[in-house]
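This is my_file.txt. It holds compact mmCIF, C-alpha atoms and all ligand atoms.
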```txt
# COMPACT_ATOMS: atom_id res chain seq x y z
CA MET A 1 -157.53 145.51 191.27
CA SER A 2 -156.07 149.04 191.52
CA PRO A 3 -157.77 151.62 193.75
CA SER A 4 -158.69 153.88 190.85
CA ALA A 5 -158.62 153.12 187.15
CA LEU A 6 -156.91 155.22 184.48
CA GLY A 7 -159.16 157.67 182.68
CA ARG A 8 -159.24 160.11 179.79
CA THR A 9 -156.60 162.83 179.93
CA GLU A 10 -156.27 166.50 178.96
CA ARG A 11 -154.31 167.49 175.88
CA PRO A 12 -150.62 168.13 176.73
CA SER A 13 -149.86 171.77 175.86
CA THR A 14 -146.95 170.81 173.56
CA LEU A 15 -148.96 168.29 171.50
CA HIS A 16 -149.51 169.38 167.91
CA LEU A 17 -152.71 168.45 166.02
CA ALA A 18 -152.69 167.88 162.25
CA ALA A 19 -155.73 169.23 160.39
CA ASP A 20 -156.83 170.65 163.79
CA GLU A 21 -157.94 167.15 164.85
CA ILE A 22 -155.32 164.41 164.79
CA PRO A 23 -152.41 164.36 167.27
CA VAL A 24 -148.86 164.13 165.92
CA LEU A 25 -146.50 162.12 168.12
CA ASP A 26 -142.78 162.72 167.71
CA LEU A 27 -140.88 159.46 168.24
CA GLY A 28 -137.45 161.02 167.62
CA PRO A 29 -136.37 161.75 171.22
CA TYR A 30 -137.63 158.35 172.45
CA LEU A 31 -135.93 156.37 169.66
CA ALA A 32 -132.72 158.34 170.31
CA GLY A 33 -132.88 157.25 173.97
CA GLU A 34 -133.15 160.76 175.40
CA PRO A 35 -133.80 160.74 179.15
CA GLY A 36 -137.45 161.33 180.04
CA ALA A 37 -138.57 161.05 176.39
CA ILE A 38 -140.71 158.00 177.05
CA ASP A 39 -142.76 159.92 179.63
CA ALA A 40 -143.52 162.73 177.21
CA VAL A 41 -144.50 160.47 174.34
CA ALA A 42 -146.54 158.20 176.64
CA ARG A 43 -148.49 161.27 177.80
CA ASP A 44 -149.22 162.21 174.20
CA LEU A 45 -150.18 158.63 173.40
CA LEU A 46 -152.58 158.44 176.33
CA TYR A 47 -154.30 161.65 175.26
CA ALA A 48 -154.47 160.56 171.60
CA SER A 49 -155.77 157.09 172.42
CA THR A 50 -158.45 158.19 174.87
CA ASN A 51 -159.73 161.20 172.92
CA VAL A 52 -159.17 160.54 169.21
CA GLY A 53 -158.10 156.94 168.54
CA PHE A 54 -155.89 158.06 165.63
CA TYR A 55 -152.48 159.77 165.65
CA TYR A 56 -149.61 160.42 163.27
CA LEU A 57 -146.06 159.27 164.02
CA LYS A 58 -143.16 161.38 162.87
CA ASN A 59 -139.44 160.68 163.15
CA HIS A 60 -140.25 156.96 163.24
CA GLY A 61 -136.89 155.93 161.79
CA ILE A 62 -138.14 154.04 158.70
CA PRO A 63 -136.20 155.35 155.66
CA GLN A 64 -138.28 157.00 152.93
CA SER A 65 -136.44 154.89 150.33
CA MET A 66 -137.85 151.71 151.92
CA ILE A 67 -141.36 153.19 151.89
CA ASP A 68 -141.00 154.25 148.25
CA ARG A 69 -139.84 150.74 147.32
CA VAL A 70 -142.82 148.99 148.89
CA PHE A 71 -145.26 151.37 147.16
CA ALA A 72 -143.50 150.71 143.84
CA GLU A 73 -144.03 146.99 144.50
CA SER A 74 -147.70 147.61 145.23
CA GLU A 75 -148.06 149.38 141.89
CA ARG A 76 -146.27 146.52 140.12
CA PHE A 77 -148.51 143.96 141.76
CA HIS A 78 -151.80 145.70 141.09
CA ARG A 79 -150.85 146.25 137.41
CA LEU A 80 -150.72 142.47 136.88
CA PRO A 81 -153.63 141.01 134.89
CA GLU A 82 -156.56 140.03 137.12
CA GLU A 83 -156.15 136.34 136.21
CA GLU A 84 -152.54 136.39 137.47
CA LYS A 85 -153.63 137.93 140.76
CA GLN A 86 -156.47 135.42 141.09
CA LYS A 87 -153.89 132.62 141.09
CA LEU A 88 -153.00 133.93 144.57
CA LYS A 89 -156.61 134.03 145.71
CA ILE A 90 -157.02 134.67 149.42
CA ASP A 91 -156.82 131.47 151.46
CA LYS A 92 -158.15 130.22 154.79
CA ASN A 93 -155.46 132.17 156.68
CA LYS A 94 -156.41 135.45 154.97
CA ILE A 95 -153.22 135.37 152.95
CA GLY A 96 -153.15 136.31 149.27
CA TYR A 97 -155.22 138.47 146.96
CA PHE A 98 -158.82 139.61 147.10
CA GLY A 99 -160.41 141.52 144.24
CA ALA A 100 -162.79 144.46 144.01
CA GLU A 101 -166.28 143.81 145.40
CA SER A 102 -165.30 140.50 147.02
CA THR A 103 -165.40 141.75 150.63
CA VAL A 104 -168.27 143.16 152.64
CA THR A 105 -167.95 145.10 155.87
CA ARG A 106 -170.35 143.32 158.19
CA HIS A 107 -168.54 143.34 161.54
CA SER A 108 -169.24 147.01 162.28
CA GLU A 109 -172.72 148.42 162.82
CA LEU A 110 -171.65 151.40 160.71
CA GLY A 111 -170.88 149.19 157.72
CA LYS A 112 -174.21 147.36 157.77
CA GLY A 113 -176.19 147.70 154.55
CA THR A 114 -173.27 148.99 152.52
CA LYS A 115 -172.42 147.47 149.13
CA PRO A 116 -169.32 145.28 148.66
CA ASN A 117 -166.09 147.25 148.94
CA LEU A 118 -164.46 148.59 145.77
CA TYR A 119 -160.91 148.09 146.98
CA SER A 120 -158.67 145.14 146.27
CA ALA A 121 -155.65 144.02 148.27
CA PHE A 122 -152.69 141.68 148.52
CA CYS A 123 -152.31 140.34 152.09
CA VAL A 124 -149.15 138.95 153.67
CA ARG A 125 -148.45 137.65 157.15
CA ASN A 126 -145.29 136.65 159.04
CA ASP A 127 -143.10 134.97 156.40
CA LEU A 128 -143.02 131.58 158.13
CA ALA A 129 -141.03 128.55 157.00
CA ALA A 130 -142.76 125.30 156.02
CA ASP A 131 -141.32 123.62 159.14
CA ASP A 132 -142.56 126.31 161.53
CA PRO A 133 -144.31 124.45 164.41
CA ASP A 134 -147.50 126.50 164.00
CA VAL A 135 -147.59 125.79 160.26
CA LEU A 136 -146.99 122.07 160.83
CA ALA A 137 -149.78 122.08 163.44
CA GLY A 138 -152.14 123.72 160.92
CA LYS A 139 -152.89 126.61 163.27
CA LEU A 140 -155.40 129.02 161.79
CA PHE A 141 -153.84 132.27 160.45
CA ARG A 142 -150.34 130.73 160.66
CA GLY A 143 -149.89 129.65 157.03
CA LEU A 144 -147.28 130.26 154.36
CA ASN A 145 -147.37 133.48 152.38
CA GLN A 146 -148.35 133.32 148.72
CA TRP A 147 -146.00 135.11 146.32
CA PRO A 148 -146.34 136.07 142.65
CA GLY A 149 -143.92 134.03 140.50
CA ASN A 150 -143.10 136.77 138.03
CA LEU A 151 -142.10 139.81 140.11
CA PRO A 152 -138.41 139.51 141.03
CA GLY A 153 -137.53 141.41 144.22
CA PHE A 154 -141.18 141.73 145.26
CA ARG A 155 -141.02 139.38 148.22
CA GLU A 156 -137.76 140.91 149.51
CA ASN A 157 -139.01 144.51 149.34
CA VAL A 158 -142.41 143.69 150.84
CA MET A 159 -140.90 141.72 153.71
CA ALA A 160 -138.17 144.32 154.35
CA TYR A 161 -140.93 146.86 154.97
CA SER A 162 -143.02 144.43 157.05
CA ASN A 163 -139.97 143.55 159.19
CA ALA A 164 -139.21 147.24 159.73
CA LEU A 165 -142.80 147.89 160.81
CA GLU A 166 -142.70 144.87 163.12
CA ASN A 167 -139.61 146.34 164.79
CA LEU A 168 -141.32 149.71 165.07
CA GLY A 169 -144.38 148.04 166.60
CA ARG A 170 -142.17 146.39 169.21
CA ARG A 171 -140.49 149.72 170.02
CA LEU A 172 -143.96 151.17 170.68
CA LEU A 173 -144.87 148.52 173.26
CA PRO A 174 -142.96 150.09 176.19
CA ILE A 175 -144.71 153.40 175.42
CA PHE A 176 -148.09 151.67 175.68
CA SER A 177 -146.94 150.09 178.96
CA ARG A 178 -145.87 153.48 180.31
CA ALA A 179 -149.10 155.15 179.23
CA LEU A 180 -151.07 152.38 180.92
CA ASN A 181 -149.02 152.36 184.17
CA LEU A 182 -147.82 148.82 183.50
CA PRO A 183 -144.30 147.31 183.83
CA PRO A 184 -142.19 148.16 180.73
CA ASP A 185 -142.13 144.55 179.48
CA PHE A 186 -145.83 143.91 180.11
CA PHE A 187 -146.71 143.21 176.45
CA ASP A 188 -143.49 141.42 175.47
CA ALA A 189 -144.69 137.84 175.96
CA ALA A 190 -147.85 138.43 173.91
CA PHE A 191 -145.78 139.87 171.05
CA ARG A 192 -142.92 137.33 171.06
CA LYS A 193 -144.48 135.85 167.91
CA PRO A 194 -147.02 138.48 166.87
CA LEU A 195 -149.77 137.81 164.34
CA LEU A 196 -148.91 140.19 161.53
CA ASN A 197 -151.02 141.07 158.54
CA MET A 198 -150.06 143.68 156.01
CA GLN A 199 -152.12 144.70 152.99
CA LEU A 200 -151.17 146.40 149.75
CA ASN A 201 -154.50 148.20 149.25
CA TYR A 202 -155.57 149.53 145.86
CA TYR A 203 -158.48 151.91 145.23
CA ALA A 204 -159.39 152.72 141.64
CA HIS A 205 -160.67 156.23 141.05
CA GLN A 206 -164.35 156.34 142.05
CA PRO A 207 -166.20 158.89 139.90
CA ASP A 208 -168.92 159.58 142.45
CA PHE A 209 -170.28 158.38 145.76
CA ASP A 210 -173.86 157.00 145.86
CA GLY A 211 -174.09 156.91 149.65
CA SER A 212 -173.57 153.15 150.01
CA GLN A 213 -170.66 152.04 147.82
CA TYR A 214 -167.33 152.78 149.40
CA GLY A 215 -163.73 152.04 148.55
CA LEU A 216 -163.82 150.57 152.05
CA ALA A 217 -167.02 150.89 154.10
CA PRO A 218 -167.07 152.39 157.62
CA HIS A 219 -165.49 150.03 160.14
CA THR A 220 -163.18 149.70 163.10
CA ASP A 221 -160.07 147.51 162.92
CA ARG A 222 -159.94 144.21 164.81
CA THR A 223 -156.29 144.86 165.71
CA PHE A 224 -154.06 145.87 168.60
CA ILE A 225 -152.94 148.82 166.49
CA THR A 226 -152.83 149.52 162.76
CA ILE A 227 -149.87 151.47 161.31
CA LEU A 228 -150.96 152.95 157.98
CA CYS A 229 -148.92 154.55 155.24
CA GLN A 230 -151.01 156.49 152.72
CA ALA A 231 -148.25 157.50 150.27
CA LYS A 232 -149.57 160.55 148.43
CA VAL A 233 -153.31 160.29 147.83
CA PRO A 234 -155.73 160.96 150.69
CA GLY A 235 -159.17 159.31 150.84
CA LEU A 236 -159.29 157.99 154.39
CA GLU A 237 -161.86 159.64 156.63
CA ILE A 238 -162.14 159.15 160.37
CA ARG A 239 -165.19 159.71 162.53
CA THR A 240 -164.51 162.11 165.37
CA ALA A 241 -165.93 161.53 168.85
CA ASP A 242 -168.62 164.15 168.09
CA GLY A 243 -169.70 162.28 164.95
CA ARG A 244 -168.10 164.23 162.07
CA TRP A 245 -166.21 162.53 159.25
CA VAL A 246 -162.87 164.24 158.66
CA VAL A 247 -160.23 163.53 156.03
CA ALA A 248 -156.91 162.31 157.45
CA PRO A 249 -154.35 164.05 155.23
CA ALA A 250 -151.54 162.03 153.63
CA LEU A 251 -148.63 163.71 155.43
CA PRO A 252 -145.27 162.95 153.79
CA GLY A 253 -142.92 161.00 156.05
CA HIS A 254 -145.63 160.28 158.65
CA PHE A 255 -147.43 157.09 159.55
CA LEU A 256 -151.01 157.17 160.76
CA VAL A 257 -151.76 154.85 163.67
CA ASN A 258 -155.12 153.83 165.04
CA THR A 259 -156.13 151.84 168.10
CA GLY A 260 -157.91 148.63 167.15
CA ASP A 261 -160.83 146.86 168.83
CA LEU A 262 -158.45 144.52 170.64
CA LEU A 263 -156.63 147.28 172.50
CA ARG A 264 -159.97 148.90 173.24
CA LEU A 265 -161.10 145.61 174.78
CA TRP A 266 -157.83 145.15 176.68
CA THR A 267 -158.11 148.67 178.17
CA ASN A 268 -161.71 148.16 179.32
CA GLU A 269 -162.84 150.47 176.50
CA LEU A 270 -160.67 153.37 177.72
CA PHE A 271 -158.81 153.55 174.39
CA LEU A 272 -161.02 154.47 171.44
CA SER A 273 -161.24 152.26 168.37
CA THR A 274 -162.37 154.95 165.97
CA PRO A 275 -164.48 154.21 162.87
CA HIS A 276 -162.97 155.08 159.51
CA ARG A 277 -163.79 154.63 155.82
CA VAL A 278 -162.28 155.23 152.39
CA ILE A 279 -163.82 156.98 149.38
CA ASN A 280 -161.40 157.68 146.53
CA THR A 281 -163.01 160.47 144.56
CA SER A 282 -159.60 161.96 143.77
CA GLN A 283 -158.84 161.82 140.05
CA VAL A 284 -156.11 159.18 140.49
CA GLU A 285 -155.58 155.64 141.76
CA ARG A 286 -154.88 155.34 145.46
CA HIS A 287 -152.45 152.93 147.13
CA SER A 288 -152.20 152.54 150.89
CA ILE A 289 -150.47 150.02 153.13
CA PRO A 290 -151.97 149.16 156.51
CA PHE A 291 -149.82 147.05 158.82
CA PHE A 292 -152.00 145.24 161.34
CA PHE A 293 -149.98 144.56 164.51
CA ASN A 294 -151.44 141.90 166.77
CA PRO A 295 -150.36 139.58 169.57
CA ASP A 296 -149.94 135.82 169.29
CA PRO A 297 -153.36 134.26 168.56
CA ASP A 298 -153.15 132.27 171.82
CA THR A 299 -153.00 135.44 173.92
CA VAL A 300 -155.84 135.74 176.41
CA ILE A 301 -157.20 139.27 176.33
CA GLU A 302 -158.29 140.11 179.84
CA CYS A 303 -159.05 143.58 181.19
CA LEU A 304 -155.75 145.27 182.22
CA PRO A 305 -155.29 145.69 185.99
CA THR A 306 -154.84 149.47 185.67
CA CYS A 307 -158.06 149.90 183.68
CA GLN A 308 -160.46 148.49 186.23
CA SER A 309 -161.55 149.46 189.72
CA ALA A 310 -164.48 148.92 192.07
CA GLU A 311 -166.28 151.79 190.30
CA ARG A 312 -165.24 150.61 186.82
CA PRO A 313 -165.34 146.80 186.78
CA ALA A 314 -164.26 144.82 183.70
CA LYS A 315 -166.89 145.24 180.99
CA ASN A 316 -166.02 142.15 178.97
CA PRO A 317 -165.09 138.54 179.75
CA PRO A 318 -161.61 137.26 178.78
CA VAL A 319 -161.24 135.95 175.21
CA THR A 320 -158.36 134.54 173.19
CA TYR A 321 -157.21 136.70 170.34
CA SER A 322 -157.75 133.87 167.81
CA ASP A 323 -161.44 133.56 168.73
CA TYR A 324 -161.89 137.30 168.72
CA TYR A 325 -160.24 137.66 165.32
CA GLU A 326 -161.83 134.63 163.65
CA TRP A 327 -165.28 136.09 164.22
CA PHE A 328 -164.25 139.24 162.34
CA VAL A 329 -162.78 137.31 159.41
CA ARG A 330 -165.92 135.18 159.11
CA GLN A 331 -168.10 138.30 158.94
CA ASN A 332 -166.24 140.08 156.15
CA TYR A 333 -164.37 137.70 153.85
CA PRO A 334 -166.67 135.21 152.10
CA ASP A 335 -163.74 133.73 150.12
CA VAL A 336 -161.82 133.03 153.34
CA VAL A 337 -164.89 131.35 154.83
CA THR A 338 -165.16 129.11 151.74
CA ALA A 339 -161.45 128.22 152.01
CA MET A 340 -161.82 127.50 155.74
CA ALA A 341 -164.74 125.15 155.08
CA ALA A 342 -162.75 123.30 152.39
CA HIS A 343 -159.90 122.66 154.86
CA ARG A 344 -161.97 121.72 157.87
CA PRO A 345 -160.90 118.30 159.17
CA ALA A 346 -163.57 115.66 158.42
CA ALA A 347 -164.02 114.80 162.13
CA SER A 348 -165.22 118.31 162.99
CA ALA A 349 -167.11 118.95 159.74
CA SER A 350 -170.53 118.76 161.37
CA SER A 351 -169.71 120.75 164.51
O1 LIG A 401 -156.64 152.41 152.92
C1 LIG A 401 -156.72 153.10 153.94
O2 LIG A 401 -156.36 154.26 153.98
C2 LIG A 401 -157.31 152.51 155.18
C3 LIG A 401 -157.39 151.01 155.14
C4 LIG A 401 -158.14 150.42 156.28
O3 LIG A 401 -158.80 151.08 157.03
C5 LIG A 401 -158.05 148.96 156.48
O4 LIG A 401 -157.51 148.24 155.60
O5 LIG A 401 -158.54 148.50 157.53
FE FE A 402 -159.26 149.95 158.81
```
Reformat the file's structure so that it appears as structure tokens.
Amino acid sequence: MSPSALGRTERPSTLHLAADEIPVLDLGPYLAGEPGAIDAVARDLLYASTNVGFYYLKNHGIPQSMIDRVFAESERFHRLPEEEKQKLKIDKNKIGYFGAESTVTRHSELGKGTKPNLYSAFCVRNDLAADDPDVLAGKLFRGLNQWPGNLPGFRENVMAYSNALENLGRRLLPIFSRALNLPPDFFDAAFRKPLLNMQLNYYAHQPDFDGSQYGLAPHTDRTFITILCQAKVPGLEIRTADGRWVVAPALPGHFLVNTGDLLRLWTNELFLSTPHRVINTSQVERHSIPFFFNPDPDTVIECLPTCQSAERPAKNPPVTYSDYYEWFVRQNYPDVVTAMAAHRPAASASS
């Protein structure tokens, strides 16, 4: 146990805030390997994570043409007839399609009592092969992706983007280690085979807001981090530490990252997992793509050594990521729960 635990930090004087609220981290110097760049960006990250929980990334190195292609694929997918999309209905691994009003946000206190969500989504995970050991072992959340049969190029463009975001996620890990006073490779083992989940989210135009029916109800993410691309249409609101809901603008060429519950847990609740929600009262359809970046499901999440001290002991017992995540899925996705029950081995059916 370290003598004194890390705490919240002051805003670095060079750190820019978008919309007066949300830090903008410049990855350019770090990705270019400039000396000392990791220290500067780790300082910004520590401030953003302990005070806001959301931050934009600029100069992240992902070409705009690749982003445009994956949004074009999202539009192609969501234009398919509903019955075509239902052929890919979400399965026990939370892979596939879920339609409007088929999910309910129950895992967050803030989402309690809200109506089913208006959004629909296509979910993909790591594109594993049928002979992958985890697939053969039937490990939960390690299944094969489902792909539409009639959209040539779809799988390639979606996975090209997912692979690029996976690489970006890995490049961020040493910055988290630096911010948290940990050895540079601290997170590497947990992310050797990360548990990825990416969604092509679609929000129809919502003419009005009745106070309880959201595109996506208030919630926190059950992730390590989420890397979101909002394309052009805003609609995401985040709840500031002082309780206001503010719109996170769709900034061209920027990703919006948020700390998830898992990283909050890992850091002994030092990093904020900030509530957010979506209401699309713009006059047009909204597409967004969250990339949920998570460690291997077998990872044991135990309070980091630099986040605890005699004065600030660990607040939570260790838990494996699979247990932590399964609880969340069971709360929110009734169709996944049904699929899980259908696949449960007979021997454990009554337990
Ligand atoms: O669509 C968005 O902008 C946010 C999506 C989101 O919060 C989620 O899928 O968890
Ligand atoms: Fe979210």
Revision key, fill the gap. Separating CA of Asp188 (chain A) from atom C4 of ligand LIG 401 (chain A), to the nearest tenth of an Å, is a gap of 25.8 Å
Check your understanding: What's the 12 Å shell around Leu45 (chain A), counting all atoms listed in the file, without same-chain residues fewer than 4 positions away, as an MDAnalysis selection string?
Key -> chainID A and resid 8:12 15 22:27 38:41 49:57 172:180 257:259 271:272
Review point. Which polymer residues have any atom within 7 Å of an atom of Pro275 (chain A), counting all atoms listed in the file, with same-chain residues fewer than 3 positions away left out, as number ranges by chain?
Key: A: 218-220, 238-239
Identify, on the basis of all atoms listed in the file, every residue whose closest approach to His205 (chain A) does not exceed 12 Å; exclude the query and any residue fewer than 4 positions from it along the same chain; express the result as a short mmCIF file (atom, residue, chain, number, x, y, z; two decimals) with C-alpha atoms, keeping the file's coordinate frame.
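Result went into selection13.cif, see below:
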```
data_model
loop_
_atom_site.label_atom_id
_atom_site.label_comp_id
_atom_site.auth_asym_id
_atom_site.auth_seq_id
_atom_site.Cartn_x
_atom_site.Cartn_y
_atom_site.Cartn_z
CA LEU A 118 -164.46 148.59 145.77
CA TYR A 119 -160.91 148.09 146.98
CA PHE A 209 -170.28 158.38 145.76
CA TYR A 214 -167.33 152.78 149.40
CA GLY A 215 -163.73 152.04 148.55
CA VAL A 233 -153.31 160.29 147.83
CA PRO A 234 -155.73 160.96 150.69
CA GLY A 235 -159.17 159.31 150.84
CA VAL A 278 -162.28 155.23 152.39
CA ILE A 279 -163.82 156.98 149.38
CA ASN A 280 -161.40 157.68 146.53
CA THR A 281 -163.01 160.47 144.56
CA SER A 282 -159.60 161.96 143.77
CA GLN A 283 -158.84 161.82 140.05
CA VAL A 284 -156.11 159.18 140.49
CA GLU A 285 -155.58 155.64 141.76
CA ARG A 286 -154.88 155.34 145.46
CA HIS A 287 -152.45 152.93 147.13
#
```
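The residue set within 6 Å of region 248-251 of chain A, counting all atoms listed in the file and dropping same-chain residues fewer than 3 places from it, reads Gln230, Lys232, Pro234, Leu236, Glu237 and His254 of chain A.
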Keeping only C-alpha atoms, write the selected residues to a file as a tab-separated table (two decimals), keeping the file's coordinate frame.
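New file part19.tsv:
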```tsv
chain	number	residue	atom	x	y	z
A	230	GLN	CA	-151.01	156.49	152.72
A	232	LYS	CA	-149.57	160.55	148.43
A	234	PRO	CA	-155.73	160.96	150.69
A	236	LEU	CA	-159.29	157.99	154.39
A	237	GLU	CA	-161.86	159.64	156.63
A	254	HIS	CA	-145.63	160.28	158.65
```
Check your understanding: So how many Å separate CA of Asp91 (chain A) and atom FE of ligand FE 402 (chain A), to one decimal?
Key -> 20.0 Å
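Closest approach to Ala19 (chain A) among A:Val135, A:Val247, A:Val70, A:Ile227 is made by A:Val247 (distances from all atoms listed in the file).
Note that the spacing between CA of Leu46 (chain A) and CA of Pro194 (chain A) amounts to 22.8 Å.
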Check your understanding: When distances are computed from all atoms listed in the file, which of A:Asn201, A:Leu265, A:Thr274, A:Gly28 shows the smallest separation from Asp242 (chain A)?
Key -> A:Thr274
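Counting all atoms listed in the file, the residue from A:Lys58, A:His343, A:Arg312, A:His276 that sits nearest to ligand LIG 401 (chain A) is A:His276.
Closest approach to Ile62 (chain A) from the set A:Glu21, A:Glu166, A:Asp323, A:Asp221 is made by A:Glu166, with distances taken over all atoms listed in the file.
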Point to revise | From A:Asp298, A:Asp185, A:Glu156, A:Asp261, residue lying nearest ligand LIG 401 (chain A) [all atoms listed in the file] | key: A:Asp261
Exercise for review: Around the point (-150.7, 148.9, 139.3) in the file's coordinates, collect all residues with an atom within 12 Å, using only C-alpha atoms, and return them as a list in words.
Suggested key: Phe71, Ala72, Glu73, Ser74, Glu75, Arg76, Phe77, His78, Arg79, Leu80, Pro81, Glu82, Lys85, Ser120, Ala121, Phe122, Leu200, Asn201, Tyr202, Tyr203, Ala204, Val284, Glu285, Arg286 and His287 of chain A
May I have the selected residues written with C-alpha atoms, as a compact mmCIF listing (two decimals), keeping the file's coordinate frame?
```txt
# COMPACT_ATOMS: atom_id res chain seq x y z
CA PHE A 71 -145.26 151.37 147.16
CA ALA A 72 -143.50 150.71 143.84
CA GLU A 73 -144.03 146.99 144.50
CA SER A 74 -147.70 147.61 145.23
CA GLU A 75 -148.06 149.38 141.89
CA ARG A 76 -146.27 146.52 140.12
CA PHE A 77 -148.51 143.96 141.76
CA HIS A 78 -151.80 145.70 141.09
CA ARG A 79 -150.85 146.25 137.41
CA LEU A 80 -150.72 142.47 136.88
CA PRO A 81 -153.63 141.01 134.89
CA GLU A 82 -156.56 140.03 137.12
CA LYS A 85 -153.63 137.93 140.76
CA SER A 120 -158.67 145.14 146.27
CA ALA A 121 -155.65 144.02 148.27
CA PHE A 122 -152.69 141.68 148.52
CA LEU A 200 -151.17 146.40 149.75
CA ASN A 201 -154.50 148.20 149.25
CA TYR A 202 -155.57 149.53 145.86
CA TYR A 203 -158.48 151.91 145.23
CA ALA A 204 -159.39 152.72 141.64
CA VAL A 284 -156.11 159.18 140.49
CA GLU A 285 -155.58 155.64 141.76
CA ARG A 286 -154.88 155.34 145.46
CA HIS A 287 -152.45 152.93 147.13
```
